[in-house]
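S.K.: protein.csv is reproduced in full below (CSV, C-alpha atoms).
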chain,number,residue,atom,x,y,z
A,1,MET,CA,59.3,-30.4,9.0
A,2,LYS,CA,59.2,-26.8,8.0
A,3,ILE,CA,55.5,-27.1,7.0
A,4,LYS,CA,54.7,-28.7,10.3
A,5,SER,CA,56.5,-25.9,12.1
A,6,LYS,CA,54.6,-23.2,10.1
A,7,SER,CA,51.3,-25.0,10.9
A,8,LYS,CA,52.0,-24.9,14.6
A,9,LYS,CA,52.8,-21.2,14.4
A,10,VAL,CA,49.6,-20.5,12.6
A,11,ASN,CA,47.6,-22.5,15.2
A,12,LYS,CA,49.3,-20.7,18.0
A,13,ALA,CA,48.6,-17.3,16.5
A,14,TRP,CA,44.9,-18.3,16.0
A,15,LEU,CA,44.6,-19.5,19.5
A,16,ASN,CA,46.3,-16.4,20.9
A,17,ASP,CA,43.9,-14.2,18.9
A,18,HIS,CA,40.9,-16.3,20.0
A,19,LEU,CA,41.8,-16.2,23.7
A,20,ASN,CA,42.3,-12.4,23.5
A,21,ASP,CA,39.2,-11.8,21.5
A,22,PRO,CA,36.8,-9.5,23.4
A,23,TYR,CA,33.7,-11.2,22.0
A,24,VAL,CA,35.0,-14.6,23.2
A,25,LYS,CA,35.5,-13.2,26.7
A,26,LEU,CA,32.1,-11.5,26.6
A,27,ALA,CA,30.4,-14.8,25.5
A,28,GLN,CA,32.0,-16.6,28.4
A,29,GLN,CA,30.8,-13.9,30.8
A,30,GLU,CA,27.3,-13.8,29.5
A,31,GLY,CA,26.8,-17.6,29.0
A,32,TYR,CA,26.7,-17.8,25.2
A,33,ARG,CA,28.2,-20.9,23.6
A,34,ALA,CA,30.0,-18.9,20.9
A,35,ARG,CA,31.0,-15.4,20.0
A,36,ALA,CA,28.6,-15.7,17.0
A,37,ALA,CA,25.8,-14.6,19.3
A,38,TYR,CA,27.0,-11.0,19.0
A,39,LYS,CA,26.8,-11.1,15.2
A,40,LEU,CA,23.1,-11.7,15.3
A,41,LYS,CA,22.7,-9.3,18.3
A,42,GLU,CA,24.2,-6.5,16.3
A,43,ILE,CA,22.2,-7.3,13.1
A,44,ASP,CA,19.0,-7.5,15.2
A,45,GLU,CA,19.6,-4.4,17.2
A,46,THR,CA,20.4,-2.4,14.0
A,47,LEU,CA,17.3,-3.5,12.1
A,48,GLY,CA,14.9,-4.4,14.9
A,49,LEU,CA,14.0,-7.8,13.4
A,50,ILE,CA,13.1,-10.0,16.4
A,51,GLN,CA,10.2,-9.0,18.7
A,52,PRO,CA,8.4,-10.7,21.6
A,53,GLY,CA,5.7,-13.0,20.3
A,54,HIS,CA,7.6,-13.9,17.1
A,55,ARG,CA,8.0,-17.3,15.6
A,56,VAL,CA,11.7,-17.7,14.6
A,57,VAL,CA,13.5,-20.5,12.7
A,58,ASP,CA,17.3,-20.9,13.3
A,59,LEU,CA,18.9,-22.8,10.4
A,60,GLY,CA,22.4,-24.2,11.0
A,61,SER,CA,21.9,-23.7,14.7
A,62,ALA,CA,24.7,-25.7,16.4
A,63,PRO,CA,26.3,-25.0,18.8
A,64,GLY,CA,23.3,-22.9,19.7
A,65,ALA,CA,24.5,-19.3,20.3
A,66,TRP,CA,22.0,-17.8,17.9
A,67,SER,CA,19.1,-19.8,19.4
A,68,GLN,CA,20.3,-18.6,22.8
A,69,TYR,CA,20.2,-15.0,21.7
A,70,VAL,CA,16.7,-15.4,20.2
A,71,ARG,CA,15.5,-17.2,23.3
A,72,ARG,CA,16.7,-14.3,25.5
A,73,LYS,CA,15.2,-11.8,23.1
A,74,LEU,CA,11.8,-13.5,23.4
A,75,SER,CA,12.0,-13.7,27.1
A,76,PRO,CA,10.1,-10.9,29.0
A,77,GLY,CA,13.1,-10.3,31.2
A,78,GLY,CA,15.8,-11.2,28.7
A,79,ALA,CA,16.5,-14.4,30.7
A,80,ALA,CA,18.2,-17.6,29.5
A,81,VAL,CA,15.5,-19.7,31.3
A,82,GLY,CA,11.9,-19.3,32.3
A,83,GLN,CA,9.0,-17.7,30.5
A,84,LEU,CA,9.1,-17.4,26.7
A,85,ASP,CA,6.9,-15.2,24.6
A,86,GLY,CA,7.3,-16.7,21.2
A,87,THR,CA,8.4,-19.9,19.3
A,88,ILE,CA,11.8,-21.0,18.3
A,89,VAL,CA,12.6,-24.0,16.0
A,90,ALA,CA,16.3,-24.8,15.4
A,91,LEU,CA,17.8,-27.2,12.9
A,92,ASP,CA,21.3,-28.5,12.2
A,93,ILE,CA,23.1,-31.5,10.7
A,94,LEU,CA,25.2,-31.6,13.9
A,95,PRO,CA,23.9,-32.4,17.4
A,96,MET,CA,23.1,-29.4,19.7
A,97,GLU,CA,22.9,-29.2,23.4
A,98,PRO,CA,19.3,-28.3,24.4
A,99,VAL,CA,18.4,-24.6,24.8
A,100,GLU,CA,15.4,-24.1,27.1
A,101,GLY,CA,12.2,-23.4,25.1
A,102,VAL,CA,13.9,-24.2,21.7
A,103,ARG,CA,12.6,-27.1,19.6
A,104,PHE,CA,15.6,-28.7,17.9
A,105,LEU,CA,15.6,-30.9,14.9
A,106,GLN,CA,18.8,-32.7,13.8
A,107,GLY,CA,19.1,-33.4,10.0
A,108,ASP,CA,20.4,-32.1,6.7
A,109,PHE,CA,18.5,-29.1,5.5
A,110,ARG,CA,19.2,-30.2,1.9
A,111,GLU,CA,17.0,-33.3,2.3
A,112,ASP,CA,13.3,-33.1,1.6
A,113,ALA,CA,12.4,-35.4,4.5
A,114,VAL,CA,14.2,-33.0,7.0
A,115,LEU,CA,12.4,-29.9,5.4
A,116,ALA,CA,9.1,-31.8,5.9
A,117,GLN,CA,10.0,-32.3,9.6
A,118,LEU,CA,10.7,-28.6,9.9
A,119,THR,CA,7.4,-27.7,8.2
A,120,GLU,CA,5.6,-30.1,10.5
A,121,ALA,CA,7.2,-28.5,13.6
A,122,LEU,CA,5.8,-25.1,12.5
A,123,GLN,CA,2.3,-26.6,12.5
A,124,GLY,CA,1.3,-24.6,9.5
A,125,GLN,CA,2.0,-21.3,11.2
A,126,PRO,CA,3.8,-18.5,9.3
A,127,VAL,CA,7.3,-17.4,10.5
A,128,ASP,CA,8.3,-13.9,11.5
A,129,VAL,CA,12.1,-14.3,11.1
A,130,VAL,CA,14.4,-17.0,9.6
A,131,VAL,CA,18.1,-16.8,10.6
A,132,SER,CA,20.8,-18.9,9.0
A,133,ASP,CA,24.4,-19.2,10.1
A,134,MET,CA,24.7,-22.2,7.8
A,135,ALA,CA,28.0,-22.7,5.9
A,136,PRO,CA,29.3,-25.7,4.1
A,137,ASN,CA,32.6,-27.4,4.9
A,138,LEU,CA,35.0,-25.4,2.6
A,139,SER,CA,37.4,-27.2,0.4
A,140,GLY,CA,39.5,-24.2,-0.6
A,141,ILE,CA,38.5,-24.7,-4.3
A,142,GLU,CA,36.8,-21.3,-4.9
A,143,SER,CA,34.3,-22.4,-7.6
A,144,SER,CA,33.2,-25.5,-5.7
A,145,ASP,CA,32.9,-23.6,-2.4
A,146,ALA,CA,30.9,-20.8,-4.0
A,147,ALA,CA,28.5,-23.3,-5.5
A,148,ARG,CA,28.0,-25.0,-2.1
A,149,ILE,CA,27.4,-21.6,-0.3
A,150,SER,CA,25.0,-20.5,-3.0
A,151,HIS,CA,23.0,-23.7,-2.8
A,152,LEU,CA,22.5,-23.3,1.0
A,153,VAL,CA,21.5,-19.6,0.6
A,154,GLU,CA,19.1,-20.5,-2.3
A,155,LEU,CA,17.5,-23.2,0.0
A,156,ALA,CA,17.1,-20.7,2.8
A,157,VAL,CA,15.5,-18.1,0.4
A,158,GLU,CA,13.1,-20.8,-0.9
A,159,PHE,CA,12.2,-21.8,2.7
A,160,ALA,CA,11.6,-18.2,3.6
A,161,GLN,CA,9.4,-17.7,0.5
A,162,ARG,CA,7.2,-20.7,1.6
A,163,HIS,CA,7.1,-19.9,5.3
A,164,LEU,CA,7.7,-16.3,6.1
A,165,LYS,CA,4.9,-13.8,6.8
A,166,PRO,CA,4.8,-11.2,4.0
A,167,GLU,CA,6.6,-8.6,6.2
A,168,GLY,CA,9.0,-11.2,7.6
A,169,ALA,CA,12.8,-11.2,7.5
A,170,LEU,CA,15.6,-13.6,6.5
A,171,VAL,CA,19.2,-13.3,7.7
A,172,VAL,CA,21.9,-15.5,5.9
A,173,LYS,CA,25.6,-15.8,6.1
A,174,VAL,CA,27.4,-15.3,2.8
A,175,PHE,CA,31.1,-14.8,1.8
A,176,HIS,CA,32.5,-12.1,-0.4
A,177,GLY,CA,34.0,-13.5,-3.6
A,178,SER,CA,32.8,-15.7,-6.4
A,179,GLY,CA,29.0,-15.9,-6.5
A,180,TYR,CA,28.4,-13.1,-4.0
A,181,SER,CA,26.9,-10.6,-6.5
A,182,GLN,CA,24.5,-13.3,-7.7
A,183,LEU,CA,23.2,-13.9,-4.2
A,184,VAL,CA,22.6,-10.2,-3.7
A,185,LYS,CA,20.7,-10.3,-7.0
A,186,LEU,CA,18.6,-13.2,-5.7
A,187,PHE,CA,17.8,-11.3,-2.5
A,188,LYS,CA,16.8,-8.2,-4.4
A,189,GLU,CA,14.5,-10.3,-6.6
A,190,SER,CA,13.0,-11.9,-3.4
A,191,PHE,CA,12.7,-9.1,-0.9
A,192,ARG,CA,11.6,-5.5,-0.9
A,193,VAL,CA,14.4,-4.3,1.4
A,194,VAL,CA,17.9,-5.9,1.2
A,195,LYS,CA,20.8,-4.9,3.5
A,196,PRO,CA,24.3,-6.4,3.6
A,197,VAL,CA,25.7,-6.2,7.1
A,198,LYS,CA,29.2,-6.9,8.4
A,199,PRO,CA,28.9,-7.0,12.2
A,200,LYS,CA,31.8,-5.8,14.4
A,201,ALA,CA,31.9,-9.3,15.9
A,202,SER,CA,32.8,-10.7,12.4
A,203,ARG,CA,36.6,-10.9,12.4
A,204,GLY,CA,38.1,-8.3,10.1
A,205,LYS,CA,40.2,-10.9,8.1
A,206,SER,CA,37.1,-13.0,7.5
A,207,ALA,CA,35.3,-12.8,4.1
A,208,GLU,CA,32.0,-13.5,5.8
A,209,THR,CA,29.2,-11.0,5.8
A,210,PHE,CA,25.4,-11.3,6.2
A,211,LEU,CA,22.5,-10.5,3.9
A,212,VAL,CA,19.2,-9.4,5.4
A,213,GLY,CA,16.0,-9.5,3.3
A,214,ILE,CA,12.9,-7.8,4.7
A,215,GLY,CA,9.4,-8.1,3.2
A,216,LEU,CA,8.7,-10.7,0.6
A,217,LYS,CA,8.1,-9.7,-3.0
A,218,GLY,CA,5.0,-11.5,-4.4
A,219,GLY,CA,3.5,-14.7,-3.0
A,220,PRO,CA,5.2,-18.1,-2.2
A,221,PRO,CA,6.4,-20.2,-5.2
A,222,SER,CA,3.9,-22.8,-6.4
A,223,ALA,CA,4.7,-26.4,-5.4
A,224,ALA,CA,6.3,-28.4,-8.1
Take the structure in the file and give it back as structure tokens.

M.R.:
Amino acid sequence: MKIKSKSKKVNKAWLNDHLNDPYVKLAQQEGYRARAAYKLKEIDETLGLIQPGHRVVDLGSAPGAWSQYVRRKLSPGGAAVGQLDGTIVALDILPMEPVEGVRFLQGDFREDAVLAQLTEALQGQPVDVVVSDMAPNLSGIESSDAARISHLVELAVEFAQRHLKPEGALVVKVFHGSGYSQLVKLFKESFRVVKPVKPKASRGKSAETFLVGIGLKGGPPSAA
């Protein structure tokens, strides 16, 4: 019974923090599906990644807050609907409510067939920016979770190497802890400029941070 009581207290504390979170309130006011939109907004405004006319891929897109932000950024008036100057393709294993102007593909990014669908959706056109808020379901076993996180980041880097323009950018979510330094090393081997960013909208207690790589080193890897 004590464990149950403690769990209820933790849930109540989380709910209280969530409801009083300024980014949650701002997301509700501005029509974003999640506070995560402000993480990408801060990264983008700091580094100037997403510009009108760009082709953007959103990996791990559900519930769609990042796609919503990109859609507004590519709109001449910053609107959530109407004219769109650019292309957005989103992908997630979970379903996602439609975002106007965004092509959504549902599937597992780790499967070759799904990657082939994504490649087809791009119609052979190179991408300006790839953003990834992907994260695996965490088990609490550090070594296992680190391996899952690393695998998703490695797939995102490989996708970027195959599809990004030479001057393009990749944004991925990572976590401080086991495996983090290896992922920074992977980024430094893959991109000319590498910047770790901890947006203000990332909760202080969270181990999450974001790695941004700009400008590919060398050409795309040869097909196996």

S.K.: Ranking A:Lys200, A:Lys173, A:Lys73, A:His54 by minimum distance to Ser132 (chain A) and counting all atoms listed in the file, which one comes first?

M.R.: A:Lys173

S.K.: Please produce, as JSON lines, a per-residue contact table for region 61-140 of chain A versus region 26-34 of chain A (criterion: any atom at most 7 Å away, all atoms listed in the file considered), showing the nearest atom pair and its distance in Å to one decimal, sorted by chain then residue number.

M.R.:
{"residue": "A:Pro63", "atom": "CA", "partner": "A:Arg33", "partner_atom": "CA", "distance": 6.6}
{"residue": "A:Gly64", "atom": "CA", "partner": "A:Arg33", "partner_atom": "CA", "distance": 6.6}
{"residue": "A:Ala65", "atom": "CA", "partner": "A:Arg33", "partner_atom": "CA", "distance": 5.2}
{"residue": "A:Gln68", "atom": "CA", "partner": "A:Tyr32", "partner_atom": "CA", "distance": 6.9}

S.K.: Work out how far apart CA of Arg71 (chain A) and CA of Val114 (chain A) are and give it in Å to one decimal.

M.R.: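 That distance, rounded to one decimal, is 22.7 Å.
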
S.K.: For Phe109 (chain A), which residue out of A:Met96, A:Leu152, A:Val197, A:Ala207 is the nearest one, using only C-alpha atoms?

M.R.: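 Ranked by minimum distance to Phe109 (chain A), first place goes to A:Leu152.
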
S.K.: Show me, as a PyMOL selection string, the residues that have an atom within 12 Å of Asn137 (chain A) when counting only C-alpha atoms, minus same-chain residues fewer than 5 positions from it.

M.R.: chain A and resi 93+144-149+152

S.K.: Show which residues sit within 9 Å of Val127 (chain A), as number ranges by chain. Count all atoms listed in the file, and ignore same-chain residues fewer than 4 positions away.

M.R.: A: 54-57, 122, 160, 163-165, 168-169

S.K.: Grab the CA of Lys25 (chain A) to CA of Tyr38 (chain A) distance for me, in Å with one decimal place.

M.R.: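 Pair CA of Lys25 (chain A) / CA of Tyr38 (chain A) returns 11.7 Å.
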
S.K.: Could you tell me how far CA of Glu208 (chain A) lies from CA of Asp108 (chain A), in Å and to one decimal?

M.R.: 21.9 Å

S.K.: Looking at A:Glu120, A:Ala62, A:Glu167, A:Gln182, which one is nearest to Ser150 (chain A), with distances taken over all atoms listed in the file?

M.R.: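 With all atoms listed in the file as the atom set, the closest residue is A:Gln182.
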
S.K.: Just give me the residues with any atom within 12 Å of (11.5, -21.2, 0.2), file coordinates, counting all atoms listed in the file, written as a VMD selection string.

M.R.: chain A and resid 109 to 110 115 119 127 130 152 to 165 170 190 216 219 to 223

S.K.: Quick one: residues within 9 Å of Ile43 (chain A), all atoms listed in the file counted, chain neighbours fewer than 6 positions away excluded, as a list of chain:residue names?

M.R.: A:Leu49, A:Val171, A:Val197, A:Lys198, A:Pro199, A:Phe210, A:Val212

S.K.: Tell me which of A:Gly86, A:Pro126, A:Gly60, A:Gly140 sits closest to Gly107 (chain A), counting only C-alpha atoms.

M.R.: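 That would be A:Gly60, the residue with the smallest distance to Gly107 (chain A).
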
S.K.: Would you kindly return, as a list of chain:residue names, each protein, DNA or RNA residue with an atom no farther than 9 Å from any atom of Phe187 (chain A), considering all atoms listed in the file and excluding same-chain residues fewer than 4 positions away?

M.R.: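 In the requested format, the answer is A:Val157, A:Gln182, A:Leu183, A:Phe191, A:Arg192, A:Val193, A:Val194, A:Leu211, A:Val212, A:Gly213.
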
S.K.: Which is closer to Pro166 (chain A) than all the others in A:Gly218, A:Lys188, A:Lys195, A:Gly179, using only C-alpha atoms?

M.R.: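 So, comparing all the options, the nearest one is A:Gly218.
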
S.K.: Can you rebuild region 170-194 of chain A with N, CA and C atoms and give it as a CSV table (one decimal), keeping the file's coordinate frame?

M.R.:
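File produced: out-v6.csv:
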chain,number,residue,atom,x,y,z
A,170,LEU,N,14.6,-12.5,6.6
A,170,LEU,CA,15.6,-13.6,6.5
A,170,LEU,C,17.0,-13.0,6.6
A,171,VAL,N,17.8,-13.7,7.5
A,171,VAL,CA,19.2,-13.3,7.7
A,171,VAL,C,20.0,-14.5,7.3
A,172,VAL,N,21.0,-14.4,6.3
A,172,VAL,CA,21.9,-15.5,5.9
A,172,VAL,C,23.3,-15.1,5.9
A,173,LYS,N,24.2,-16.1,6.2
A,173,LYS,CA,25.6,-15.8,6.1
A,173,LYS,C,26.1,-16.1,4.7
A,174,VAL,N,26.9,-15.2,4.1
A,174,VAL,CA,27.4,-15.3,2.8
A,174,VAL,C,28.9,-15.0,2.9
A,175,PHE,N,29.6,-15.1,1.8
A,175,PHE,CA,31.1,-14.8,1.8
A,175,PHE,C,31.3,-13.9,0.5
A,176,HIS,N,32.1,-12.9,0.7
A,176,HIS,CA,32.5,-12.1,-0.4
A,176,HIS,C,33.4,-12.9,-1.3
A,177,GLY,N,33.2,-12.8,-2.6
A,177,GLY,CA,34.0,-13.5,-3.6
A,177,GLY,C,33.1,-14.1,-4.7
A,178,SER,N,33.5,-15.1,-5.3
A,178,SER,CA,32.8,-15.7,-6.4
A,178,SER,C,31.4,-16.1,-6.0
A,179,GLY,N,30.4,-15.6,-6.7
A,179,GLY,CA,29.0,-15.9,-6.5
A,179,GLY,C,28.3,-14.9,-5.6
A,180,TYR,N,29.0,-14.0,-4.9
A,180,TYR,CA,28.4,-13.1,-4.0
A,180,TYR,C,27.4,-12.2,-4.7
A,181,SER,N,27.8,-11.6,-5.8
A,181,SER,CA,26.9,-10.6,-6.5
A,181,SER,C,25.6,-11.3,-7.0
A,182,GLN,N,25.7,-12.6,-7.3
A,182,GLN,CA,24.5,-13.3,-7.7
A,182,GLN,C,23.5,-13.5,-6.6
A,183,LEU,N,24.1,-13.7,-5.4
A,183,LEU,CA,23.2,-13.9,-4.2
A,183,LEU,C,22.6,-12.6,-3.8
A,184,VAL,N,23.3,-11.5,-3.9
A,184,VAL,CA,22.6,-10.2,-3.7
A,184,VAL,C,21.5,-10.0,-4.7
A,185,LYS,N,21.7,-10.4,-5.9
A,185,LYS,CA,20.7,-10.3,-7.0
A,185,LYS,C,19.4,-11.1,-6.6
A,186,LEU,N,19.7,-12.3,-6.1
A,186,LEU,CA,18.6,-13.2,-5.7
A,186,LEU,C,17.8,-12.6,-4.6
A,187,PHE,N,18.5,-12.0,-3.6
A,187,PHE,CA,17.8,-11.3,-2.5
A,187,PHE,C,17.0,-10.1,-3.0
A,188,LYS,N,17.5,-9.3,-3.9
A,188,LYS,CA,16.8,-8.2,-4.4
A,188,LYS,C,15.6,-8.6,-5.2
A,189,GLU,N,15.6,-9.8,-5.8
A,189,GLU,CA,14.5,-10.3,-6.6
A,189,GLU,C,13.4,-10.8,-5.6
A,190,SER,N,13.9,-11.2,-4.4
A,190,SER,CA,13.0,-11.9,-3.4
A,190,SER,C,12.4,-11.0,-2.4
A,191,PHE,N,13.1,-9.9,-2.0
A,191,PHE,CA,12.7,-9.1,-0.9
A,191,PHE,C,12.6,-7.6,-1.3
A,192,ARG,N,11.7,-6.9,-0.6
A,192,ARG,CA,11.6,-5.5,-0.9
A,192,ARG,C,12.7,-4.6,-0.4
A,193,VAL,N,13.3,-5.0,0.8
A,193,VAL,CA,14.4,-4.3,1.4
A,193,VAL,C,15.6,-5.3,1.5
A,194,VAL,N,16.8,-5.0,1.1
A,194,VAL,CA,17.9,-5.9,1.2
A,194,VAL,C,19.1,-5.1,1.8
